[in-house]
>>> print(open('data_8.pdb').read())   # PDB, C-alpha atoms and all ligand atoms
ATOM      1  CA  MET H   1     244.571 -27.896  14.276  1.00  0.00           C
ATOM      2  CA  PRO H   2     246.631 -27.412  11.112  1.00  0.00           C
ATOM      3  CA  THR H   3     250.380 -27.675  11.514  1.00  0.00           C
ATOM      4  CA  TRP H   4     250.966 -24.013  10.614  1.00  0.00           C
ATOM      5  CA  GLN H   5     248.637 -22.934  13.427  1.00  0.00           C
ATOM      6  CA  ARG H   6     250.327 -25.226  15.927  1.00  0.00           C
ATOM      7  CA  ASP H   7     253.716 -23.820  14.930  1.00  0.00           C
ATOM      8  CA  LEU H   8     252.623 -20.187  15.033  1.00  0.00           C
ATOM      9  CA  GLU H   9     251.110 -20.679  18.480  1.00  0.00           C
ATOM     10  CA  MET H  10     254.390 -22.189  19.652  1.00  0.00           C
ATOM     11  CA  VAL H  11     256.332 -19.213  18.325  1.00  0.00           C
ATOM     12  CA  LYS H  12     253.973 -16.784  20.060  1.00  0.00           C
ATOM     13  CA  SER H  13     254.008 -18.730  23.328  1.00  0.00           C
ATOM     14  CA  LEU H  14     257.771 -18.289  23.417  1.00  0.00           C
ATOM     15  CA  GLY H  15     257.365 -14.528  23.061  1.00  0.00           C
ATOM     16  CA  LEU H  16     258.892 -14.594  19.584  1.00  0.00           C
ATOM     17  CA  ARG H  17     257.847 -13.226  16.215  1.00  0.00           C
ATOM     18  CA  LEU H  18     258.079 -15.341  13.069  1.00  0.00           C
ATOM     19  CA  ALA H  19     260.467 -13.451  10.797  1.00  0.00           C
ATOM     20  CA  MET H  20     261.140 -15.993   8.059  1.00  0.00           C
ATOM     21  CA  THR H  21     260.188 -19.448   6.830  1.00  0.00           C
ATOM     22  CA  VAL H  22     262.927 -21.373   5.076  1.00  0.00           C
ATOM     23  CA  ASP H  23     262.080 -24.321   2.847  1.00  0.00           C
ATOM     24  CA  THR H  24     265.031 -26.661   2.442  1.00  0.00           C
ATOM     25  CA  HIS H  25     263.638 -27.905  -0.873  1.00  0.00           C
ATOM     26  CA  ILE H  26     260.549 -28.331  -3.033  1.00  0.00           C
ATOM     27  CA  HIS H  27     259.108 -31.292  -1.213  1.00  0.00           C
ATOM     28  CA  ALA H  28     257.028 -33.999  -2.864  1.00  0.00           C
ATOM     29  CA  ASP H  29     254.452 -35.133  -0.369  1.00  0.00           C
ATOM     30  CA  HIS H  30     253.505 -32.244   1.896  1.00  0.00           C
ATOM     31  CA  ILE H  31     252.531 -28.683   1.004  1.00  0.00           C
ATOM     32  CA  THR H  32     254.542 -25.957   2.730  1.00  0.00           C
ATOM     33  CA  SER H  33     252.812 -23.516   5.073  1.00  0.00           C
ATOM     34  CA  ALA H  34     255.066 -20.665   3.934  1.00  0.00           C
ATOM     35  CA  ALA H  35     252.314 -18.651   2.207  1.00  0.00           C
ATOM     36  CA  VAL H  36     249.759 -18.987   4.977  1.00  0.00           C
ATOM     37  CA  LEU H  37     252.371 -18.126   7.604  1.00  0.00           C
ATOM     38  CA  ARG H  38     253.300 -15.010   5.627  1.00  0.00           C
ATOM     39  CA  ARG H  39     249.629 -14.097   5.498  1.00  0.00           C
ATOM     40  CA  GLU H  40     249.149 -14.661   9.224  1.00  0.00           C
ATOM     41  CA  SER H  41     252.370 -13.201  10.612  1.00  0.00           C
ATOM     42  CA  GLY H  42     254.066 -11.147   7.903  1.00  0.00           C
ATOM     43  CA  SER H  43     257.022 -13.547   7.753  1.00  0.00           C
ATOM     44  CA  ARG H  44     259.267 -13.601   4.695  1.00  0.00           C
ATOM     45  CA  ILE H  45     259.641 -16.710   2.534  1.00  0.00           C
ATOM     46  CA  ALA H  46     263.062 -18.118   1.664  1.00  0.00           C
ATOM     47  CA  MET H  47     263.261 -20.733  -1.089  1.00  0.00           C
ATOM     48  CA  PRO H  48     266.210 -22.121  -3.067  1.00  0.00           C
ATOM     49  CA  ALA H  49     267.262 -19.341  -5.461  1.00  0.00           C
ATOM     50  CA  ALA H  50     267.844 -21.748  -8.332  1.00  0.00           C
ATOM     51  CA  GLU H  51     264.120 -22.582  -8.376  1.00  0.00           C
ATOM     52  CA  HIS H  52     263.357 -18.957  -9.436  1.00  0.00           C
ATOM     53  CA  LEU H  53     260.023 -18.897  -7.610  1.00  0.00           C
ATOM     54  CA  GLN H  54     257.946 -15.735  -8.017  1.00  0.00           C
ATOM     55  CA  CYS H  55     256.358 -16.250  -4.611  1.00  0.00           C
ATOM     56  CA  ALA H  56     259.647 -16.245  -2.660  1.00  0.00           C
ATOM     57  CA  ASP H  57     260.924 -13.119  -0.914  1.00  0.00           C
ATOM     58  CA  ILE H  58     264.492 -14.423  -0.576  1.00  0.00           C
ATOM     59  CA  GLY H  59     266.539 -16.825  -2.706  1.00  0.00           C
ATOM     60  CA  ILE H  60     268.673 -19.283  -0.740  1.00  0.00           C
ATOM     61  CA  GLU H  61     272.251 -19.534  -2.011  1.00  0.00           C
ATOM     62  CA  HIS H  62     275.192 -21.580  -0.773  1.00  0.00           C
ATOM     63  CA  ASN H  63     276.992 -19.869   2.094  1.00  0.00           C
ATOM     64  CA  VAL H  64     274.996 -16.639   1.809  1.00  0.00           C
ATOM     65  CA  PRO H  65     273.682 -16.200   5.371  1.00  0.00           C
ATOM     66  CA  LEU H  66     269.984 -15.798   6.100  1.00  0.00           C
ATOM     67  CA  THR H  67     269.818 -13.315   8.962  1.00  0.00           C
ATOM     68  CA  MET H  68     266.960 -12.569  11.331  1.00  0.00           C
ATOM     69  CA  GLY H  69     268.009 -10.222  14.111  1.00  0.00           C
ATOM     70  CA  SER H  70     270.800 -11.959  16.002  1.00  0.00           C
ATOM     71  CA  VAL H  71     270.159 -15.304  14.298  1.00  0.00           C
ATOM     72  CA  ALA H  72     272.060 -16.315  11.152  1.00  0.00           C
ATOM     73  CA  LEU H  73     271.568 -19.527   9.192  1.00  0.00           C
ATOM     74  CA  ALA H  74     274.311 -20.628   6.810  1.00  0.00           C
ATOM     75  CA  PRO H  75     272.810 -22.468   3.833  1.00  0.00           C
ATOM     76  CA  LEU H  76     274.800 -25.501   2.685  1.00  0.00           C
ATOM     77  CA  HIS H  77     273.921 -26.779  -0.781  1.00  0.00           C
ATOM     78  CA  THR H  78     273.314 -30.487  -0.224  1.00  0.00           C
ATOM     79  CA  PRO H  79     271.826 -31.857  -3.468  1.00  0.00           C
ATOM     80  CA  GLY H  80     270.899 -35.472  -4.077  1.00  0.00           C
ATOM     81  CA  HIS H  81     267.398 -35.780  -2.579  1.00  0.00           C
ATOM     82  CA  THR H  82     266.525 -32.956  -4.959  1.00  0.00           C
ATOM     83  CA  GLU H  83     268.843 -30.918  -7.129  1.00  0.00           C
ATOM     84  CA  THR H  84     268.351 -27.647  -5.223  1.00  0.00           C
ATOM     85  CA  HIS H  85     268.182 -28.993  -1.665  1.00  0.00           C
ATOM     86  CA  PHE H  86     269.783 -26.976   1.132  1.00  0.00           C
ATOM     87  CA  SER H  87     270.729 -27.786   4.704  1.00  0.00           C
ATOM     88  CA  LEU H  88     270.973 -24.927   7.186  1.00  0.00           C
ATOM     89  CA  HIS H  89     273.812 -24.651   9.658  1.00  0.00           C
ATOM     90  CA  ALA H  90     273.711 -22.427  12.718  1.00  0.00           C
ATOM     91  CA  GLY H  91     276.377 -22.751  15.395  1.00  0.00           C
ATOM     92  CA  ASP H  92     276.132 -26.160  17.042  1.00  0.00           C
ATOM     93  CA  ARG H  93     273.122 -27.317  15.058  1.00  0.00           C
ATOM     94  CA  VAL H  94     272.210 -28.209  11.496  1.00  0.00           C
ATOM     95  CA  PHE H  95     268.818 -28.612   9.857  1.00  0.00           C
ATOM     96  CA  THR H  96     269.258 -31.330   7.281  1.00  0.00           C
ATOM     97  CA  GLY H  97     265.905 -31.368   5.464  1.00  0.00           C
ATOM     98  CA  ASP H  98     265.582 -34.661   3.613  1.00  0.00           C
ATOM     99  CA  ALA H  99     269.295 -35.033   2.811  1.00  0.00           C
ATOM    100  CA  LEU H 100     270.139 -36.691   6.118  1.00  0.00           C
ATOM    101  CA  LEU H 101     267.522 -38.305   8.355  1.00  0.00           C
ATOM    102  CA  ILE H 102     268.043 -40.128  11.648  1.00  0.00           C
ATOM    103  CA  ASP H 103     269.310 -43.570  10.606  1.00  0.00           C
ATOM    104  CA  GLY H 104     268.341 -42.807   7.016  1.00  0.00           C
ATOM    105  CA  CYS H 105     268.110 -40.287   4.194  1.00  0.00           C
ATOM    106  CA  GLY H 106     265.568 -38.970   1.715  1.00  0.00           C
ATOM    107  CA  ARG H 107     264.837 -40.878  -1.474  1.00  0.00           C
ATOM    108  CA  THR H 108     266.743 -39.916  -4.605  1.00  0.00           C
ATOM    109  CA  ASP H 109     264.534 -41.033  -7.470  1.00  0.00           C
ATOM    110  CA  PHE H 110     262.724 -37.859  -8.610  1.00  0.00           C
ATOM    111  CA  GLN H 111     263.054 -34.030  -8.845  1.00  0.00           C
ATOM    112  CA  GLY H 112     266.653 -34.240 -10.046  1.00  0.00           C
ATOM    113  CA  GLY H 113     267.587 -36.594  -7.224  1.00  0.00           C
ATOM    114  CA  ASP H 114     270.760 -38.641  -7.538  1.00  0.00           C
ATOM    115  CA  ALA H 115     272.144 -41.158  -5.069  1.00  0.00           C
ATOM    116  CA  GLY H 116     275.804 -40.545  -5.900  1.00  0.00           C
ATOM    117  CA  THR H 117     275.287 -36.814  -5.423  1.00  0.00           C
ATOM    118  CA  LEU H 118     273.553 -37.340  -2.079  1.00  0.00           C
ATOM    119  CA  TYR H 119     276.392 -39.577  -0.886  1.00  0.00           C
ATOM    120  CA  HIS H 120     278.866 -36.747  -1.404  1.00  0.00           C
ATOM    121  CA  SER H 121     276.543 -34.096   0.071  1.00  0.00           C
ATOM    122  CA  VAL H 122     276.130 -36.043   3.282  1.00  0.00           C
ATOM    123  CA  ARG H 123     279.617 -37.424   3.702  1.00  0.00           C
ATOM    124  CA  ASP H 124     281.668 -34.491   2.384  1.00  0.00           C
ATOM    125  CA  ILE H 125     279.543 -31.579   3.664  1.00  0.00           C
ATOM    126  CA  LEU H 126     277.355 -32.682   6.593  1.00  0.00           C
ATOM    127  CA  PHE H 127     279.713 -35.270   8.084  1.00  0.00           C
ATOM    128  CA  ALA H 128     282.484 -32.655   7.910  1.00  0.00           C
ATOM    129  CA  LEU H 129     280.684 -30.641  10.617  1.00  0.00           C
ATOM    130  CA  PRO H 130     281.903 -31.050  14.211  1.00  0.00           C
ATOM    131  CA  ASN H 131     280.932 -34.295  15.953  1.00  0.00           C
ATOM    132  CA  ASP H 132     278.657 -32.698  18.520  1.00  0.00           C
ATOM    133  CA  THR H 133     276.595 -30.726  15.984  1.00  0.00           C
ATOM    134  CA  ILE H 134     272.930 -31.490  16.664  1.00  0.00           C
ATOM    135  CA  VAL H 135     271.095 -32.810  13.586  1.00  0.00           C
ATOM    136  CA  TYR H 136     267.473 -31.779  13.111  1.00  0.00           C
ATOM    137  CA  PRO H 137     266.054 -33.765  10.174  1.00  0.00           C
ATOM    138  CA  GLY H 138     263.093 -32.731   8.043  1.00  0.00           C
ATOM    139  CA  HIS H 139     261.137 -35.821   9.069  1.00  0.00           C
ATOM    140  CA  ASP H 140     261.133 -38.674  11.448  1.00  0.00           C
ATOM    141  CA  TYR H 141     258.235 -41.069  11.244  1.00  0.00           C
ATOM    142  CA  THR H 142     259.001 -42.736  14.571  1.00  0.00           C
ATOM    143  CA  GLY H 143     258.812 -39.690  16.827  1.00  0.00           C
ATOM    144  CA  ARG H 144     262.515 -38.851  17.120  1.00  0.00           C
ATOM    145  CA  HIS H 145     263.503 -35.203  16.857  1.00  0.00           C
ATOM    146  CA  ALA H 146     267.269 -34.907  16.841  1.00  0.00           C
ATOM    147  CA  SER H 147     270.512 -36.788  16.404  1.00  0.00           C
ATOM    148  CA  SER H 148     274.133 -35.691  16.108  1.00  0.00           C
ATOM    149  CA  ILE H 149     276.733 -35.677  13.384  1.00  0.00           C
ATOM    150  CA  ALA H 150     278.824 -38.178  15.349  1.00  0.00           C
ATOM    151  CA  GLN H 151     275.892 -40.549  15.717  1.00  0.00           C
ATOM    152  CA  GLU H 152     274.932 -40.402  12.026  1.00  0.00           C
ATOM    153  CA  ARG H 153     278.522 -40.628  10.839  1.00  0.00           C
ATOM    154  CA  THR H 154     278.934 -43.741  12.950  1.00  0.00           C
ATOM    155  CA  ARG H 155     275.551 -45.446  12.874  1.00  0.00           C
ATOM    156  CA  ASN H 156     273.558 -44.300   9.836  1.00  0.00           C
ATOM    157  CA  PRO H 157     272.866 -47.621   8.113  1.00  0.00           C
ATOM    158  CA  ARG H 158     272.861 -46.110   4.616  1.00  0.00           C
ATOM    159  CA  LEU H 159     275.599 -43.508   4.782  1.00  0.00           C
ATOM    160  CA  GLY H 160     277.595 -44.031   7.960  1.00  0.00           C
ATOM    161  CA  GLY H 161     280.698 -46.009   8.840  1.00  0.00           C
ATOM    162  CA  ASP H 162     282.683 -47.240   5.877  1.00  0.00           C
ATOM    163  CA  ARG H 163     279.691 -47.472   3.502  1.00  0.00           C
ATOM    164  CA  SER H 164     281.028 -47.065  -0.024  1.00  0.00           C
ATOM    165  CA  LEU H 165     279.556 -44.925  -2.776  1.00  0.00           C
ATOM    166  CA  GLU H 166     278.779 -48.061  -4.789  1.00  0.00           C
ATOM    167  CA  ALA H 167     277.021 -49.740  -1.862  1.00  0.00           C
ATOM    168  CA  PHE H 168     274.905 -46.656  -1.174  1.00  0.00           C
ATOM    169  CA  VAL H 169     273.886 -46.309  -4.835  1.00  0.00           C
ATOM    170  CA  GLU H 170     272.900 -49.969  -4.807  1.00  0.00           C
ATOM    171  CA  ILE H 171     270.764 -49.526  -1.668  1.00  0.00           C
ATOM    172  CA  MET H 172     268.972 -46.506  -3.114  1.00  0.00           C
ATOM    173  CA  ALA H 173     268.376 -48.214  -6.474  1.00  0.00           C
ATOM    174  CA  ASN H 174     266.644 -51.114  -4.761  1.00  0.00           C
ATOM    175  CA  LEU H 175     264.284 -49.369  -2.332  1.00  0.00           C
ATOM    176  CA  ASN H 176     261.308 -50.005  -4.617  1.00  0.00           C
ATOM    177  CA  LEU H 177     259.380 -47.110  -3.076  1.00  0.00           C
ATOM    178  CA  PRO H 178     255.907 -46.322  -4.423  1.00  0.00           C
ATOM    179  CA  TYR H 179     255.346 -43.111  -6.408  1.00  0.00           C
ATOM    180  CA  PRO H 180     254.439 -40.467  -3.769  1.00  0.00           C
ATOM    181  CA  LYS H 181     250.658 -40.184  -3.594  1.00  0.00           C
ATOM    182  CA  PHE H 182     250.670 -36.430  -3.222  1.00  0.00           C
ATOM    183  CA  ILE H 183     253.499 -35.453  -5.602  1.00  0.00           C
ATOM    184  CA  ASP H 184     251.343 -34.232  -8.494  1.00  0.00           C
ATOM    185  CA  HIS H 185     249.747 -31.660  -6.180  1.00  0.00           C
ATOM    186  CA  ALA H 186     252.551 -31.037  -3.706  1.00  0.00           C
ATOM    187  CA  VAL H 187     255.230 -30.018  -6.199  1.00  0.00           C
ATOM    188  CA  PRO H 188     253.141 -27.318  -7.944  1.00  0.00           C
ATOM    189  CA  GLY H 189     251.723 -26.267  -4.552  1.00  0.00           C
ATOM    190  CA  ASN H 190     255.200 -25.897  -3.111  1.00  0.00           C
ATOM    191  CA  ARG H 191     256.433 -24.054  -6.198  1.00  0.00           C
ATOM    192  CA  ALA H 192     253.682 -21.527  -5.324  1.00  0.00           C
ATOM    193  CA  CYS H 193     255.021 -21.356  -1.716  1.00  0.00           C
ATOM    194  CA  GLY H 194     252.048 -23.349  -0.509  1.00  0.00           C
ATOM    195  CA  LEU H 195     249.054 -22.051  -2.432  1.00  0.00           C
ATOM    196  CA  CYS H 196     246.590 -24.719  -3.485  1.00  0.00           C
ATOM    197  CA  PRO H 197     247.484 -25.828  -7.015  1.00  0.00           C
ATOM    198  CA  ASP H 198     244.879 -26.066  -9.749  1.00  0.00           C
ATOM    199  CA  ASN H 199     242.741 -29.191  -9.831  1.00  0.00           C
ATOM    200  CA  LEU H 200     243.382 -30.051  -6.190  1.00  0.00           C
ATOM    201  CA  PRO H 201     240.844 -32.628  -5.003  1.00  0.00           C
ATOM    202  CA  ASP H 202     238.410 -31.194  -2.425  1.00  0.00           C
ATOM    203  CA  HIS H 203     239.610 -33.440   0.369  1.00  0.00           C
ATOM    204  CA  LEU H 204     243.093 -31.918   0.140  1.00  0.00           C
ATOM    205  CA  THR H 205     242.168 -28.220   0.164  1.00  0.00           C
ATOM    206  CA  SER H 206     242.545 -27.886   3.927  1.00  0.00           C
ATOM    207  CA  TYR H 207     246.301 -28.221   3.399  1.00  0.00           C
ATOM    208  CA  CYS H 208     246.734 -24.893   1.618  1.00  0.00           C
ATOM    209  CA  PRO H 209     245.141 -21.481   1.080  1.00  0.00           C
ATOM    210  CA  ALA H 210     243.529 -20.692  -2.270  1.00  0.00           C
ATOM    211  CA  VAL H 211     245.148 -18.181  -4.624  1.00  0.00           C
ATOM    212  CA  GLY H 212     244.149 -14.693  -3.409  1.00  0.00           C
ATOM    213  CA  GLU H 213     244.080 -15.725   0.241  1.00  0.00           C
ATOM    214  CA  SER H 214     247.833 -15.773   0.600  1.00  0.00           C
ATOM    215  CA  ARG H 215     248.703 -12.142   1.302  1.00  0.00           C
ATOM    216  CA  GLN H 216     248.112 -10.260   4.504  1.00  0.00           C
ATOM    217  CA  GLY H 217     245.031  -8.077   4.382  1.00  0.00           C
TER
HETATM  218 FE    FE H 301     261.533 -34.146   0.423  1.00  0.00          FE
END
>>> encode(input="data_8.pdb", output="C-alpha cells", more="lines below")
Ligand SMILES: [Fe+2]
Amino acid sequence: MPTWQRDLEMVKSLGLRLAMTVDTHIHADHITSAAVLRRESGSRIAMPAAEHLQCADIGIEHNVPLTMGSVALAPLHTPGHTETHFSLHAGDRVFTGDALLIDGCGRTDFQGGDAGTLYHSVRDILFALPNDTIVYPGHDYTGRHASSIAQERTRNPRLGGDRSLEAFVEIMANLNLPYPKFIDHAVPGNRACGLCPDNLPDHLTSYCPAVGESRQG
C-alpha cells in the first residue's frame, strides 16, 4: 500500500477529514504525496511561500498561522537543511522536518543548505521552545517517532549540550554522505507538489501521479 493511502485510511479511521498537507521543505529523496492527497480528499497544499510553487494553494510564511478548524500551526522558519525549510509549532508539540531529528539533524550540503545556519535555527529557535515540547521529526530510520526539546537540547550528539558552532560545522563538513540517489527526480517532483517529473524511470512511477491525474475529478 502506498504511504499516501495508508495515511488517508488512518485519517478516515479517526473520523477526521484531511484539510491540508504541509510540506516542511522541498525534500531531496522522497516525493511528496500532496498532489495525490488533494486529488483523493480535496485537501489544500501548503508549501514554503519563498519557493513560489504554482501547484501550492497556500504559501507558508514565518509566524503566519496555518489554520484548519480549531487547529492552528505556527510556522517557524528554520533554514539550514534547505534555505526555505519550516518547522511547525502547535501548542506542546513541534514538527521539525529535517532541521532537527532524534539524536541528529538533516544534512546541509545541497538546496541552499548551510551548517552554520542550521546551528542557529535549531539552537536559537527550536531549543528556545519549552522543555516538554514533543518533537516529531520528519524521519527516523530506526523506528522512533518522537522526542522532546529537553532531550534533544541535552543529548543530541550534533547540536545538544555545549556543542559549539565551529564543532558542528566541522561535523557536517566531514559526513562524506553520498549524493542522494533520488534527488534529480525528487526535487522537480516535489516542486510540482508530487507530480511525476519528466524522464522519471519506469520503476519509480508508482511514487507519484502523472501530470493530469492530480486534480479531483
Ligand atoms: Fe529533507
>>> residues_around(input="data_8.pdb", residues="H:Arg107", least_positions_apart="3", cutoff="10 Å", atoms="all atoms listed in the file", output="compact mmCIF listing (two decimals) with C-alpha atoms, in the frame of the given file")
# COMPACT_ATOMS: atom_id res chain seq x y z
CA GLY H 80 270.90 -35.47 -4.08
CA HIS H 81 267.40 -35.78 -2.58
CA THR H 82 266.52 -32.96 -4.96
CA ASP H 98 265.58 -34.66 3.61
CA ALA H 99 269.30 -35.03 2.81
CA GLY H 104 268.34 -42.81 7.02
CA PHE H 110 262.72 -37.86 -8.61
CA GLY H 113 267.59 -36.59 -7.22
CA ASP H 114 270.76 -38.64 -7.54
CA ALA H 115 272.14 -41.16 -5.07
CA LEU H 118 273.55 -37.34 -2.08
CA MET H 172 268.97 -46.51 -3.11
CA ALA H 173 268.38 -48.21 -6.47
CA LEU H 175 264.28 -49.37 -2.33
CA LEU H 177 259.38 -47.11 -3.08
>>> resolve_selection(input="data_8.pdb", expression="the PyMOL selection byres (((not hetatm)) within 10 of (chain H and resi 301))", output="MDAnalysis selection string")
chainID H and resid 24:30 81:82 85 97:99 105:108 110:111 138:139
>>> atom_distance(input="data_8.pdb", atom1="atom CA of H:Gln151", atom2="atom CA of H:Ala128")
12.9 Å
>>> closest_residue(input="data_8.pdb", among="H:Arg123, H:His77, H:Arg39, H:Arg44", to="H:Leu159", atoms="all atoms listed in the file")
H:Arg123
>>> residues_near_point(input="data_8.pdb", point="(274.4, -19.0, -1.5)", cutoff="12 Å", atoms="all atoms listed in the file", output="list of chain:residue names")
H:Ala46, H:Met47, H:Pro48, H:Ala49, H:Ala50, H:Ile58, H:Gly59, H:Ile60, H:Glu61, H:His62, H:Asn63, H:Val64, H:Pro65, H:Leu66, H:Leu73, H:Ala74, H:Pro75, H:Leu76, H:His77, H:Thr78, H:Thr84, H:His85, H:Phe86, H:Ser87, H:Leu88
>>> resolve_selection(input="data_8.pdb", expression="the PyMOL selection byres (((chain H and resi 35) around 7) and not hetatm)", output="PyMOL selection string")
chain H and resi 33-34+36-39+193-195+214
>>> write_last_selection(input="data_8.pdb", atoms="C-alpha atoms", output="short mmCIF file (atom, residue, chain, number, x, y, z; two decimals), in the coordinates of the input")
data_model
loop_
_atom_site.label_atom_id
_atom_site.label_comp_id
_atom_site.auth_asym_id
_atom_site.auth_seq_id
_atom_site.Cartn_x
_atom_site.Cartn_y
_atom_site.Cartn_z
CA SER H 33 252.81 -23.52 5.07
CA ALA H 34 255.07 -20.66 3.93
CA VAL H 36 249.76 -18.99 4.98
CA LEU H 37 252.37 -18.13 7.60
CA ARG H 38 253.30 -15.01 5.63
CA ARG H 39 249.63 -14.10 5.50
CA CYS H 193 255.02 -21.36 -1.72
CA GLY H 194 252.05 -23.35 -0.51
CA LEU H 195 249.05 -22.05 -2.43
CA SER H 214 247.83 -15.77 0.60
#
>>> resolve_selection(input="data_8.pdb", expression="the PyMOL selection byres (((chain H and resi 149) around 9) and not hetatm)", output="number ranges by chain")
H: 94, 126-135, 147-148, 150-154
>>> atom_distance(input="data_8.pdb", atom1="atom CA of H:Arg17", atom2="atom CA of H:Thr3")
16.9 Å
>>> closest_residue(input="data_8.pdb", among="H:Pro2, H:Pro79, H:Gly42, H:Pro157", to="H:Ser121", atoms="all atoms listed in the file")
H:Pro79
>>> axis_aligned_box(input="data_8.pdb", around="stretch 37-40 of chain H", padding_each_side="6 Å", output="AutoDock Vina command-line options")
--center_x 251.2 --center_y -16.1 --center_z 7.4 --size_x 16.2 --size_y 16.0 --size_z 15.7
>>> closest_residue(input="data_8.pdb", among="H:Asp109, H:Asp140, H:Asp57, H:Glu166", to="H:Pro180", atoms="all atoms listed in the file")
H:Asp109
>>> closest_residue(input="data_8.pdb", among="H:Ser70, H:Asn174, H:Gln5, H:Ser13", to="H:Ser41", atoms="all atoms listed in the file")
H:Gln5
>>> closest_residue(input="data_8.pdb", among="H:Asp103, H:Ala90, H:Ala146, H:Pro201", to="H:Gly161", atoms="only C-alpha atoms")
H:Asp103
>>> atom_distance(input="data_8.pdb", atom1="atom CA of H:Ser164", atom2="atom CA of H:Gly116")
10.2 Å
>>> closest_residue(input="data_8.pdb", among="H:Ala56, H:Thr117, H:Arg191, H:Met20", to="H:Val169", atoms="all atoms listed in the file")
H:Thr117
>>> residues_near_point(input="data_8.pdb", point="(243.9, -31.6, -3.0)", cutoff="12 Å", atoms="all atoms listed in the file", output="list of chain:residue names")
H:Asp29, H:His30, H:Ile31, H:Lys181, H:Phe182, H:Ile183, H:Asp184, H:His185, H:Ala186, H:Val187, H:Pro188, H:Gly189, H:Gly194, H:Leu195, H:Cys196, H:Pro197, H:Asp198, H:Asn199, H:Leu200, H:Pro201, H:Asp202, H:His203, H:Leu204, H:Thr205, H:Ser206, H:Tyr207, H:Cys208, H:Pro209, H:Ala210
